[in-house]
Number of protein chains: 4
Amino acid sequence: MDKKIKTVGLFGKYQDQAVIEHLHRLEEFLLGRQLKILLDQDTAEHIPGAKSPTRPRASIGHEINLAIVVGGDGTLLNVARELAPHHVPLIGVNLGRLGFLTDVPAEHMTTEIGKILDGDYQTERRLLLHAEIMRKGRIVHTASAFNDVIVSKGELARMIEFETYLDGEFVHSIRGDGIIVASPTGSTAYALSSGGPILHPTLDAIAVVPICPHTLSNRPIVVSSDSIVEILVSRLAGQHAHANFDGQSRIALKDGDRVYVRRAEHEVELLHPSGRSHFEMMRIKLHWGRKL
Amino acid sequence: MDKKIKTVGLFGKYQDQAVIEHLHRLEEFLLGRQLKILLDQDTAEHIPGAKSPTRPRASIGHEINLAIVVGGDGTLLNVARELAPHHVPLIGVNLGRLGFLTDVPAEHMTTEIGKILDGDYQTERRLLLHAEIMRKGRIVHTASAFNDVIVSKGELARMIEFETYLDGEFVHSIRGDGIIVASPTGSTAYALSSGGPILHPTLDAIAVVPICPHTLSNRPIVVSSDSIVEILVSRLAGQHAHANFDGQSRIALKDGDRVYVRRAEHEVELLHPSGRSHFEMMRIKLHWGRKL
Amino acid sequence: MDKKIKTVGLFGKYQDQAVIEHLHRLEEFLLGRQLKILLDQDTAEHIPGAKSPTRPRASIGHEINLAIVVGGDGTLLNVARELAPHHVPLIGVNLGRLGFLTDVPAEHMTTEIGKILDGDYQTERRLLLHAEIMRKGRIVHTASAFNDVIVSKGELARMIEFETYLDGEFVHSIRGDGIIVASPTGSTAYALSSGGPILHPTLDAIAVVPICPHTLSNRPIVVSSDSIVEILVSRLAGQHAHANFDGQSRIALKDGDRVYVRRAEHEVELLHPSGRSHFEMMRIKLHWGRKL
Amino acid sequence: MDKKIKTVGLFGKYQDQAVIEHLHRLEEFLLGRQLKILLDQDTAEHIPGAKSPTRPRASIGHEINLAIVVGGDGTLLNVARELAPHHVPLIGVNLGRLGFLTDVPAEHMTTEIGKILDGDYQTERRLLLHAEIMRKGRIVHTASAFNDVIVSKGELARMIEFETYLDGEFVHSIRGDGIIVASPTGSTAYALSSGGPILHPTLDAIAVVPICPHTLSNRPIVVSSDSIVEILVSRLAGQHAHANFDGQSRIALKDGDRVYVRRAEHEVELLHPSGRSHFEMMRIKLHWGRKL
């Protein structure tokens, strides 16, 4: 990190007043370290009296060498997707509730971030997903997802029917609530609630997890991150299906639509304080057993 | 395959009379194609009137370019482990009940094997596991496993307690029936019954699947095949634990023993007739939905 | 059955042409046995040339002693709920695909129904659920359900949060896709896909099954059918939740709504040919192992 | 309780020194309330200086009106089974780690037990299981179980095969690690780890939960407590199966053995301080969500 970090982007949880004080404190701390600060414009609107200049989220990635996100995992997912093409590493600060991604507690953030700025950190590369929706032979939508791409039934549907393909080879048809295509990062989110396995965060793999499938042997499948996972929404009329990206954006699907999910071109780079243990965070969040 | 295949080893299911007729038929067929046949000695003992010379299993790998195994998945697991250091590809012939590994039905075997000998085949590389048991600082046992290495409670135990580590980093402690460290091949065996995910057969990963853990959030974890998975049997007295390799050999563990599992140096090479679909086999065996 | 059966109501799957021929055949058969036939009006609209008089579904229950339903389980669920207050027993005829409830195959229906009319049958009583939705202290909706009452997230929600109570005692709060309150009949429907247990069809119990809960220890709970299960939709703004009855009717819920589910006053009475095995049907539908 | 309680039996965890101090304190407290104390003989052997007379466990039930068990759930299971025929109610005191059955913490035991002795308590009746093992037409073993009867593979077996019957009707055959027949009390013990549902403690039902079954649709089944569950160990040679009662006693099974499990004639009566919430205990032990 060291010398290369000159400009830091600050991002806060959308419309959360609790974030403001922490961002102010962070701004002071970073200015005190002679760093240039740029504020995410959406965040800045809610912070009266911020000293640093603001930039729109769409362009801020060109100017910063580090992004600090204060909020929950949802906020970080959002920022990470947008910054991925710019290769900007991220630090996640949580507001009291430990996140899978936001592992620096706000109360210790200046100490922890100080260490990171001093070069005492670990870098973790996480894969990002890229999705394309094809309708009648044309790509009608593209999106990236850090956690997961979900194809699921709409409000009026009792279930949906779809076929899955892997690198063009037919895998199975499923009737159920839907299916989750999750990155390792997303494997501890919705996919875990649906019975999926935990993928090690740096594993080059994608989990394909059916949601409440009618056939009980439709179990989660883990495939290489070089694979293309395809979900073909059945042509049966009235499926009322939709695709959902990180639970943050969505698009209605039409019968016969194909959703392709593959590894995105870019990765997300997370910075953690040195000595941080991924599994300690897991033990706390999932109430796993400690050393005997 | 083509020109390089000069000598074929034949292996049959241990002490299974049904195998004999098929092996005879196979021997005739292969001799008709001017191939040299070597019979696995354990198999040959049960086949009166076999024409071909026999070799002990321990050394047959030096002389053959192809192994044909007639039996079930259990037989193939066994032969595959032993031949792995010799880089001998295997064909699995089943006796009527489709296997995950033995996918050539005996009734079509001459046609299918004929095609393979003509060069019309797919090669599939599968990772093999290697296990070491360390007791008081010394390696006291090593074994390879094609499906899985299992640490589980013995007959007199109600449960066992152990800690898991990944590349030396503590993951969690578990109380339960045990834990399965499964290769992608083994992910459709015992690990699947214990709630594990299905790993794509060529994925470079290992599944770590707890068996009936007391803590319900102790879910399967999938890690890179470059990782070293370590199971430390708790020092509490009287654990009555044992380690088990492919369900075919086992060793009693003592309190404080460490079981290390990693990818073996060698791989297993399976040959399948061209056009064979892995997922079609899965659909049949698991009653998955066909095309809509 | 014998003497008491004088008038039979015929019901067919909604707008299904395949049903017509079977209903015609059934009508002829029953008329030949000197029974009076009444046709469900919704069904009759799609059957040109039916000889028997029709009755609206709302009132047909007053006049019939037996209902024969030709279609799938969905059709039977519907008819069963409407006839329950009239104590009319039901026979379910399937159109080729064995149902959990419609266990008489159409091709053998005259033989099987003939046996039942001759008195050679088993009666099975199944509990029906009754739901009430309370908003600001007033009951705003009531409904009955034969399979299940489901409270789940709406289309725009990523999850919902709710509290569950049993006979007024707080059980737990859950974040997830929703919750299923299932009768024994419904335990093999959606609840099974969500990880619920199979309840014996005549067990006096209700299964409470969370759908994809964030907390992995939120497991299905089975309670007495004398209990009142209450789901309190959290007051947090914008839950977008709805309640769903047998997957056939639904109502949008508002924050703070309470959904009460209890056993309905009336039961459903199913007639099966003598010697019919519930578990044989289960073995076929779920691919369970046969006798060894 | 009030006037009827004259004689209290005291039971402690087997060979646990930590129990002694608590038993001494309890003895003083109860003597102070003019109650007669009888010490369980197995417990007394480890308590130097106890003032009260001792009785063997086999006969103590004739003389006491209340049993207080200090230890964990395992200790209470044991005492409860032995006292059930004598209709002696039990209070469970835990030594710091909240138990499903031992819900009175040792540090508050005199206050809580004082309240109970003053008549301020709730009674909870729990069903007990009774098992019989039939070999070649003869009953060769009987046992009772408060948690569960388990039929499982022995140490040398990779799996066992068995058939299940309900009230004499064939249900299914299973290949796997075994099967658990659990009471509502046992539904939160081993059965929960094996994927079984939580049965309400007073539900008149039994859960039949397969352990790691090969067929993924072999799901837990909940049946009436009036049912007889039968497990027929397959006649295939060399099953190495055994039956296990509350994890505390066991017997080797032979091929062809039948294990019958039904509700025992007697129940277990637990006393809890008034206002105690079963679900609060569950929320603590299972980390369930609290009120929103």
# chains A, B, ... in the order shown; residues from 1 in each chain; ligands from 1
>>> select_by_dssp(residues="segment 21-133 of chain D", states="alpha helix (DSSP H)", output="number ranges by chain")
D: 21-32, 41-44, 57-60, 73-83, 109-117
>>> interface_residues(of="chain A", to="chain C", cutoff="8 Å", atoms="only C-alpha atoms", output="ChimeraX atom specification")
/A:154-155,158,176,190,192-195,212-216,247
>>> select_by_dssp(residues="segment 85-207 of chain C", states="strand (DSSP E or B)", output="compact mmCIF listing (two decimals) with N, CA, C and O atoms, in the first residue's frame")
# COMPACT_ATOMS: atom_id res chain seq x y z
N LEU C 90 -64.36 -37.55 -0.28
CA LEU C 90 -63.83 -37.32 -1.62
C LEU C 90 -63.02 -38.51 -2.11
O LEU C 90 -62.33 -39.17 -1.34
N ILE C 91 -63.11 -38.74 -3.43
CA ILE C 91 -62.22 -39.69 -4.12
C ILE C 91 -61.43 -38.89 -5.14
O ILE C 91 -62.02 -38.08 -5.86
N GLY C 92 -60.13 -39.09 -5.18
CA GLY C 92 -59.30 -38.36 -6.13
C GLY C 92 -58.83 -39.26 -7.26
O GLY C 92 -58.23 -40.30 -7.00
N VAL C 93 -59.09 -38.85 -8.50
CA VAL C 93 -58.68 -39.62 -9.68
C VAL C 93 -57.59 -38.83 -10.40
O VAL C 93 -57.79 -37.64 -10.71
N ASN C 94 -56.45 -39.45 -10.64
CA ASN C 94 -55.39 -38.74 -11.35
C ASN C 94 -55.37 -39.09 -12.83
O ASN C 94 -55.86 -40.14 -13.23
N VAL C 104 -56.24 -42.67 -7.35
CA VAL C 104 -56.90 -43.63 -8.25
C VAL C 104 -56.53 -43.25 -9.68
O VAL C 104 -56.84 -42.16 -10.13
N PRO C 105 -55.85 -44.14 -10.40
CA PRO C 105 -55.48 -43.80 -11.78
C PRO C 105 -56.72 -43.81 -12.68
O PRO C 105 -57.57 -44.70 -12.55
N TYR C 121 -63.76 -50.04 0.96
CA TYR C 121 -62.92 -48.85 0.98
C TYR C 121 -62.39 -48.54 2.38
O TYR C 121 -62.86 -49.12 3.36
N GLN C 122 -61.43 -47.66 2.43
CA GLN C 122 -60.89 -47.13 3.69
C GLN C 122 -61.22 -45.64 3.76
O GLN C 122 -61.14 -44.95 2.74
N THR C 123 -61.53 -45.20 4.94
CA THR C 123 -61.75 -43.76 5.14
C THR C 123 -60.54 -43.17 5.82
O THR C 123 -59.97 -43.77 6.72
N GLU C 124 -60.13 -42.02 5.38
CA GLU C 124 -58.99 -41.35 5.99
C GLU C 124 -59.39 -39.91 6.31
O GLU C 124 -59.81 -39.17 5.43
N ARG C 125 -59.27 -39.55 7.57
CA ARG C 125 -59.61 -38.19 7.97
C ARG C 125 -58.35 -37.35 8.02
O ARG C 125 -57.37 -37.75 8.64
N ARG C 126 -58.40 -36.22 7.37
CA ARG C 126 -57.24 -35.34 7.33
C ARG C 126 -57.61 -33.97 7.90
O ARG C 126 -58.70 -33.46 7.60
N LEU C 127 -56.73 -33.41 8.66
CA LEU C 127 -57.07 -32.11 9.24
C LEU C 127 -56.91 -30.98 8.23
O LEU C 127 -56.06 -31.02 7.33
N LEU C 128 -57.74 -29.99 8.39
CA LEU C 128 -57.77 -28.80 7.54
C LEU C 128 -57.29 -27.65 8.44
O LEU C 128 -57.52 -27.67 9.64
N LEU C 129 -56.63 -26.68 7.86
CA LEU C 129 -56.18 -25.52 8.63
C LEU C 129 -57.13 -24.34 8.44
O LEU C 129 -57.76 -24.20 7.39
N HIS C 130 -57.20 -23.51 9.45
CA HIS C 130 -57.99 -22.29 9.37
C HIS C 130 -57.08 -21.13 9.71
O HIS C 130 -56.33 -21.18 10.69
N ALA C 131 -57.11 -20.09 8.91
CA ALA C 131 -56.24 -18.94 9.14
C ALA C 131 -57.06 -17.67 9.29
O ALA C 131 -58.08 -17.49 8.64
N GLU C 132 -56.58 -16.81 10.17
CA GLU C 132 -57.17 -15.48 10.35
C GLU C 132 -56.05 -14.45 10.30
O GLU C 132 -54.99 -14.66 10.89
N ILE C 133 -56.33 -13.35 9.65
CA ILE C 133 -55.35 -12.28 9.62
C ILE C 133 -55.91 -11.11 10.41
O ILE C 133 -57.01 -10.64 10.12
N MET C 134 -55.15 -10.70 11.41
CA MET C 134 -55.60 -9.60 12.26
C MET C 134 -54.77 -8.36 11.97
O MET C 134 -53.54 -8.41 11.94
N ARG C 135 -55.48 -7.25 11.73
CA ARG C 135 -54.81 -5.97 11.45
C ARG C 135 -55.39 -4.93 12.38
O ARG C 135 -56.60 -4.70 12.38
N ARG C 138 -58.42 -6.03 14.33
CA ARG C 138 -59.60 -6.56 13.65
C ARG C 138 -59.21 -7.69 12.71
O ARG C 138 -58.16 -7.66 12.08
N ILE C 139 -60.08 -8.70 12.62
CA ILE C 139 -59.86 -9.77 11.65
C ILE C 139 -60.20 -9.21 10.27
O ILE C 139 -61.34 -8.81 10.02
N VAL C 140 -59.21 -9.18 9.38
CA VAL C 140 -59.47 -8.61 8.05
C VAL C 140 -59.57 -9.68 6.97
O VAL C 140 -59.96 -9.38 5.84
N HIS C 141 -59.26 -10.91 7.32
CA HIS C 141 -59.33 -11.96 6.30
C HIS C 141 -59.36 -13.31 7.01
O HIS C 141 -58.68 -13.50 8.01
N THR C 142 -60.14 -14.23 6.49
CA THR C 142 -60.09 -15.60 6.98
C THR C 142 -60.00 -16.51 5.76
O THR C 142 -60.46 -16.16 4.67
N ALA C 143 -59.40 -17.66 5.95
CA ALA C 143 -59.28 -18.60 4.84
C ALA C 143 -59.01 -19.97 5.42
O ALA C 143 -58.52 -20.10 6.55
N SER C 144 -59.35 -21.00 4.68
CA SER C 144 -58.97 -22.33 5.09
C SER C 144 -57.90 -22.85 4.14
O SER C 144 -57.74 -22.35 3.02
N ALA C 145 -57.14 -23.82 4.59
CA ALA C 145 -56.07 -24.37 3.76
C ALA C 145 -55.95 -25.85 4.09
O ALA C 145 -55.99 -26.24 5.26
N ASP C 148 -51.32 -25.84 3.28
CA ASP C 148 -50.47 -24.95 4.06
C ASP C 148 -50.90 -23.49 3.97
O ASP C 148 -51.53 -23.07 3.02
N VAL C 149 -50.52 -22.78 5.02
CA VAL C 149 -50.61 -21.33 5.05
C VAL C 149 -49.18 -20.84 5.03
O VAL C 149 -48.35 -21.28 5.85
N ILE C 150 -48.86 -20.00 4.07
CA ILE C 150 -47.48 -19.55 3.90
C ILE C 150 -47.42 -18.04 4.07
O ILE C 150 -48.20 -17.32 3.44
N VAL C 151 -46.52 -17.57 4.90
CA VAL C 151 -46.23 -16.14 4.96
C VAL C 151 -44.87 -15.97 4.32
O VAL C 151 -43.89 -16.59 4.76
N SER C 152 -44.81 -15.18 3.26
CA SER C 152 -43.52 -15.07 2.59
C SER C 152 -43.30 -13.68 2.04
O SER C 152 -44.21 -12.86 1.99
N LYS C 153 -42.07 -13.45 1.63
CA LYS C 153 -41.69 -12.14 1.12
C LYS C 153 -42.34 -11.89 -0.22
O LYS C 153 -42.54 -12.81 -1.02
N ILE C 160 -38.03 -11.16 4.68
CA ILE C 160 -38.93 -10.55 5.64
C ILE C 160 -38.47 -10.92 7.05
O ILE C 160 -37.72 -11.88 7.23
N GLU C 161 -38.96 -10.15 7.98
CA GLU C 161 -38.67 -10.43 9.39
C GLU C 161 -39.99 -10.62 10.10
O GLU C 161 -40.92 -9.83 9.91
N PHE C 162 -40.08 -11.63 10.92
CA PHE C 162 -41.34 -11.86 11.64
C PHE C 162 -41.02 -12.59 12.94
O PHE C 162 -39.95 -13.16 13.12
N GLU C 163 -42.01 -12.54 13.82
CA GLU C 163 -41.93 -13.28 15.07
C GLU C 163 -42.95 -14.40 15.02
O GLU C 163 -44.01 -14.25 14.44
N THR C 164 -42.61 -15.53 15.65
CA THR C 164 -43.60 -16.62 15.74
C THR C 164 -43.97 -16.82 17.21
O THR C 164 -43.13 -16.65 18.11
N TYR C 165 -45.21 -17.19 17.41
CA TYR C 165 -45.74 -17.46 18.76
C TYR C 165 -46.51 -18.77 18.70
O TYR C 165 -47.10 -19.12 17.68
N LEU C 166 -46.49 -19.47 19.80
CA LEU C 166 -47.26 -20.70 19.91
C LEU C 166 -48.17 -20.57 21.11
O LEU C 166 -47.68 -20.41 22.24
N GLU C 169 -47.24 -17.83 23.32
CA GLU C 169 -45.87 -17.78 23.86
C GLU C 169 -44.88 -17.50 22.72
O GLU C 169 -44.89 -18.16 21.69
N PHE C 170 -44.00 -16.54 22.95
CA PHE C 170 -43.01 -16.17 21.95
C PHE C 170 -42.06 -17.35 21.68
O PHE C 170 -41.52 -17.93 22.61
N VAL C 171 -41.89 -17.70 20.40
CA VAL C 171 -40.97 -18.78 20.03
C VAL C 171 -39.65 -18.22 19.53
O VAL C 171 -38.60 -18.44 20.12
N HIS C 172 -39.70 -17.48 18.43
CA HIS C 172 -38.47 -16.88 17.91
C HIS C 172 -38.81 -15.85 16.84
O HIS C 172 -39.93 -15.79 16.36
N SER C 173 -37.81 -15.04 16.55
CA SER C 173 -37.95 -14.16 15.40
C SER C 173 -37.09 -14.75 14.29
O SER C 173 -36.08 -15.40 14.56
N ILE C 174 -37.54 -14.56 13.07
CA ILE C 174 -36.84 -15.15 11.93
C ILE C 174 -36.68 -14.10 10.84
O ILE C 174 -37.57 -13.29 10.61
N ARG C 175 -35.51 -14.12 10.22
CA ARG C 175 -35.28 -13.36 9.00
C ARG C 175 -35.08 -14.38 7.90
O ARG C 175 -34.27 -15.29 8.05
N GLY C 176 -35.81 -14.23 6.82
CA GLY C 176 -35.66 -15.20 5.75
C GLY C 176 -36.71 -15.00 4.69
O GLY C 176 -37.33 -13.93 4.61
N GLY C 178 -39.53 -16.62 4.49
CA GLY C 178 -40.88 -16.74 5.01
C GLY C 178 -41.02 -17.97 5.87
O GLY C 178 -40.02 -18.51 6.38
N ILE C 179 -42.26 -18.41 6.05
CA ILE C 179 -42.53 -19.55 6.91
C ILE C 179 -43.77 -20.27 6.41
O ILE C 179 -44.69 -19.65 5.89
N ILE C 180 -43.76 -21.59 6.58
CA ILE C 180 -44.87 -22.43 6.13
C ILE C 180 -45.51 -23.06 7.36
O ILE C 180 -44.81 -23.65 8.18
N VAL C 181 -46.81 -22.94 7.48
CA VAL C 181 -47.53 -23.68 8.51
C VAL C 181 -48.31 -24.76 7.76
O VAL C 181 -49.24 -24.46 7.01
N ALA C 182 -47.88 -26.01 7.93
CA ALA C 182 -48.40 -27.07 7.07
C ALA C 182 -49.19 -28.11 7.88
O ALA C 182 -48.81 -28.49 8.98
N ILE C 198 -41.79 -35.24 7.06
CA ILE C 198 -43.03 -35.83 6.58
C ILE C 198 -43.88 -36.18 7.81
O ILE C 198 -43.42 -36.93 8.67
N LEU C 199 -45.07 -35.62 7.89
CA LEU C 199 -45.96 -35.99 9.00
C LEU C 199 -46.88 -37.10 8.51
O LEU C 199 -47.40 -37.04 7.38
N ALA C 205 -51.11 -33.04 14.19
CA ALA C 205 -49.98 -32.12 14.37
C ALA C 205 -49.89 -31.17 13.20
O ALA C 205 -50.48 -31.39 12.13
N ILE C 206 -49.16 -30.12 13.41
CA ILE C 206 -48.93 -29.08 12.42
C ILE C 206 -47.42 -28.83 12.37
O ILE C 206 -46.76 -28.79 13.40
N ALA C 207 -46.90 -28.70 11.15
CA ALA C 207 -45.47 -28.41 11.01
C ALA C 207 -45.26 -26.93 10.72
O ALA C 207 -45.97 -26.36 9.88
>>> residues_around(residues="Asp167 of chain B", least_positions_apart="2", cutoff="12 Å", atoms="only C-alpha atoms", output="list in words")
Phe279 of chain A; Thr164, Tyr165, Glu169, Phe170, Val171, Val223, Ser224, Ser225, Asp226, Ser227, Ile228, Val229, Glu230, Ile231, Tyr260, Val261 and Arg262 of chain B
>>> residues_around(residues="Phe100 of chain D", least_positions_apart="3", cutoff="8 Å", atoms="only C-alpha atoms", output="MDAnalysis selection string")
chainID D and resid 73 103 188 281:282
>>> atom_distance(atom1="atom CA of His287 of chain A", atom2="atom CA of His200 of chain A")
17.7 Å
>>> decode(residues="segment 78-96 of chain C", atoms="N, CA, C and O atoms", output="PDB file, in the first residue's frame")
ATOM      1  N   ASN C  78     -58.633 -27.783  -3.726  1.00  0.00           N
ATOM      2  CA  ASN C  78     -59.652 -26.761  -3.917  1.00  0.00           C
ATOM      3  C   ASN C  78     -61.044 -27.252  -3.544  1.00  0.00           C
ATOM      4  O   ASN C  78     -61.768 -26.626  -2.774  1.00  0.00           O
ATOM      5  N   VAL C  79     -61.426 -28.407  -4.090  1.00  0.00           N
ATOM      6  CA  VAL C  79     -62.751 -28.963  -3.838  1.00  0.00           C
ATOM      7  C   VAL C  79     -62.869 -29.356  -2.360  1.00  0.00           C
ATOM      8  O   VAL C  79     -63.898 -29.125  -1.719  1.00  0.00           O
ATOM      9  N   ALA C  80     -61.807 -29.927  -1.826  1.00  0.00           N
ATOM     10  CA  ALA C  80     -61.856 -30.401  -0.435  1.00  0.00           C
ATOM     11  C   ALA C  80     -62.133 -29.257   0.532  1.00  0.00           C
ATOM     12  O   ALA C  80     -62.924 -29.393   1.464  1.00  0.00           O
ATOM     13  N   ARG C  81     -61.461 -28.134   0.321  1.00  0.00           N
ATOM     14  CA  ARG C  81     -61.706 -26.980   1.201  1.00  0.00           C
ATOM     15  C   ARG C  81     -63.162 -26.537   1.163  1.00  0.00           C
ATOM     16  O   ARG C  81     -63.765 -26.245   2.187  1.00  0.00           O
ATOM     17  N   GLU C  82     -63.733 -26.542  -0.039  1.00  0.00           N
ATOM     18  CA  GLU C  82     -65.105 -26.048  -0.172  1.00  0.00           C
ATOM     19  C   GLU C  82     -66.130 -27.026   0.381  1.00  0.00           C
ATOM     20  O   GLU C  82     -67.179 -26.629   0.886  1.00  0.00           O
ATOM     21  N   LEU C  83     -65.824 -28.307   0.296  1.00  0.00           N
ATOM     22  CA  LEU C  83     -66.815 -29.287   0.751  1.00  0.00           C
ATOM     23  C   LEU C  83     -66.681 -29.635   2.237  1.00  0.00           C
ATOM     24  O   LEU C  83     -67.602 -30.238   2.809  1.00  0.00           O
ATOM     25  N   ALA C  84     -65.568 -29.259   2.843  1.00  0.00           N
ATOM     26  CA  ALA C  84     -65.331 -29.685   4.227  1.00  0.00           C
ATOM     27  C   ALA C  84     -66.507 -29.400   5.167  1.00  0.00           C
ATOM     28  O   ALA C  84     -66.894 -30.277   5.960  1.00  0.00           O
ATOM     29  N   PRO C  85     -67.146 -28.233   5.105  1.00  0.00           N
ATOM     30  CA  PRO C  85     -68.243 -27.977   6.051  1.00  0.00           C
ATOM     31  C   PRO C  85     -69.435 -28.913   5.821  1.00  0.00           C
ATOM     32  O   PRO C  85     -70.294 -29.031   6.695  1.00  0.00           O
ATOM     33  N   HIS C  86     -69.499 -29.565   4.659  1.00  0.00           N
ATOM     34  CA  HIS C  86     -70.649 -30.420   4.347  1.00  0.00           C
ATOM     35  C   HIS C  86     -70.382 -31.898   4.627  1.00  0.00           C
ATOM     36  O   HIS C  86     -71.233 -32.733   4.357  1.00  0.00           O
ATOM     37  N   HIS C  87     -69.184 -32.220   5.100  1.00  0.00           N
ATOM     38  CA  HIS C  87     -68.855 -33.612   5.432  1.00  0.00           C
ATOM     39  C   HIS C  87     -69.046 -34.546   4.255  1.00  0.00           C
ATOM     40  O   HIS C  87     -69.550 -35.648   4.402  1.00  0.00           O
ATOM     41  N   VAL C  88     -68.657 -34.099   3.104  1.00  0.00           N
ATOM     42  CA  VAL C  88     -68.755 -34.944   1.907  1.00  0.00           C
ATOM     43  C   VAL C  88     -67.410 -35.616   1.672  1.00  0.00           C
ATOM     44  O   VAL C  88     -66.399 -34.929   1.510  1.00  0.00           O
ATOM     45  N   PRO C  89     -67.382 -36.944   1.657  1.00  0.00           N
ATOM     46  CA  PRO C  89     -66.104 -37.607   1.401  1.00  0.00           C
ATOM     47  C   PRO C  89     -65.674 -37.453  -0.062  1.00  0.00           C
ATOM     48  O   PRO C  89     -66.515 -37.261  -0.935  1.00  0.00           O
ATOM     49  N   LEU C  90     -64.360 -37.545  -0.276  1.00  0.00           N
ATOM     50  CA  LEU C  90     -63.827 -37.320  -1.623  1.00  0.00           C
ATOM     51  C   LEU C  90     -63.021 -38.511  -2.115  1.00  0.00           C
ATOM     52  O   LEU C  90     -62.332 -39.172  -1.339  1.00  0.00           O
ATOM     53  N   ILE C  91     -63.111 -38.739  -3.431  1.00  0.00           N
ATOM     54  CA  ILE C  91     -62.223 -39.690  -4.118  1.00  0.00           C
ATOM     55  C   ILE C  91     -61.432 -38.886  -5.137  1.00  0.00           C
ATOM     56  O   ILE C  91     -62.019 -38.078  -5.864  1.00  0.00           O
ATOM     57  N   GLY C  92     -60.129 -39.088  -5.181  1.00  0.00           N
ATOM     58  CA  GLY C  92     -59.298 -38.355  -6.126  1.00  0.00           C
ATOM     59  C   GLY C  92     -58.828 -39.261  -7.259  1.00  0.00           C
ATOM     60  O   GLY C  92     -58.232 -40.304  -7.004  1.00  0.00           O
ATOM     61  N   VAL C  93     -59.085 -38.851  -8.499  1.00  0.00           N
ATOM     62  CA  VAL C  93     -58.676 -39.615  -9.682  1.00  0.00           C
ATOM     63  C   VAL C  93     -57.594 -38.825 -10.397  1.00  0.00           C
ATOM     64  O   VAL C  93     -57.792 -37.643 -10.706  1.00  0.00           O
ATOM     65  N   ASN C  94     -56.445 -39.453 -10.637  1.00  0.00           N
ATOM     66  CA  ASN C  94     -55.391 -38.736 -11.347  1.00  0.00           C
ATOM     67  C   ASN C  94     -55.372 -39.089 -12.831  1.00  0.00           C
ATOM     68  O   ASN C  94     -55.859 -40.139 -13.230  1.00  0.00           O
ATOM     69  N   LEU C  95     -54.812 -38.195 -13.599  1.00  0.00           N
ATOM     70  CA  LEU C  95     -54.810 -38.344 -15.065  1.00  0.00           C
ATOM     71  C   LEU C  95     -53.493 -38.920 -15.553  1.00  0.00           C
ATOM     72  O   LEU C  95     -52.961 -38.492 -16.576  1.00  0.00           O
ATOM     73  N   GLY C  96     -52.948 -39.854 -14.827  1.00  0.00           N
ATOM     74  CA  GLY C  96     -51.731 -40.477 -15.329  1.00  0.00           C
ATOM     75  C   GLY C  96     -50.550 -40.254 -14.410  1.00  0.00           C
ATOM     76  O   GLY C  96     -49.676 -41.107 -14.310  1.00  0.00           O
TER      77      GLY C  96
END
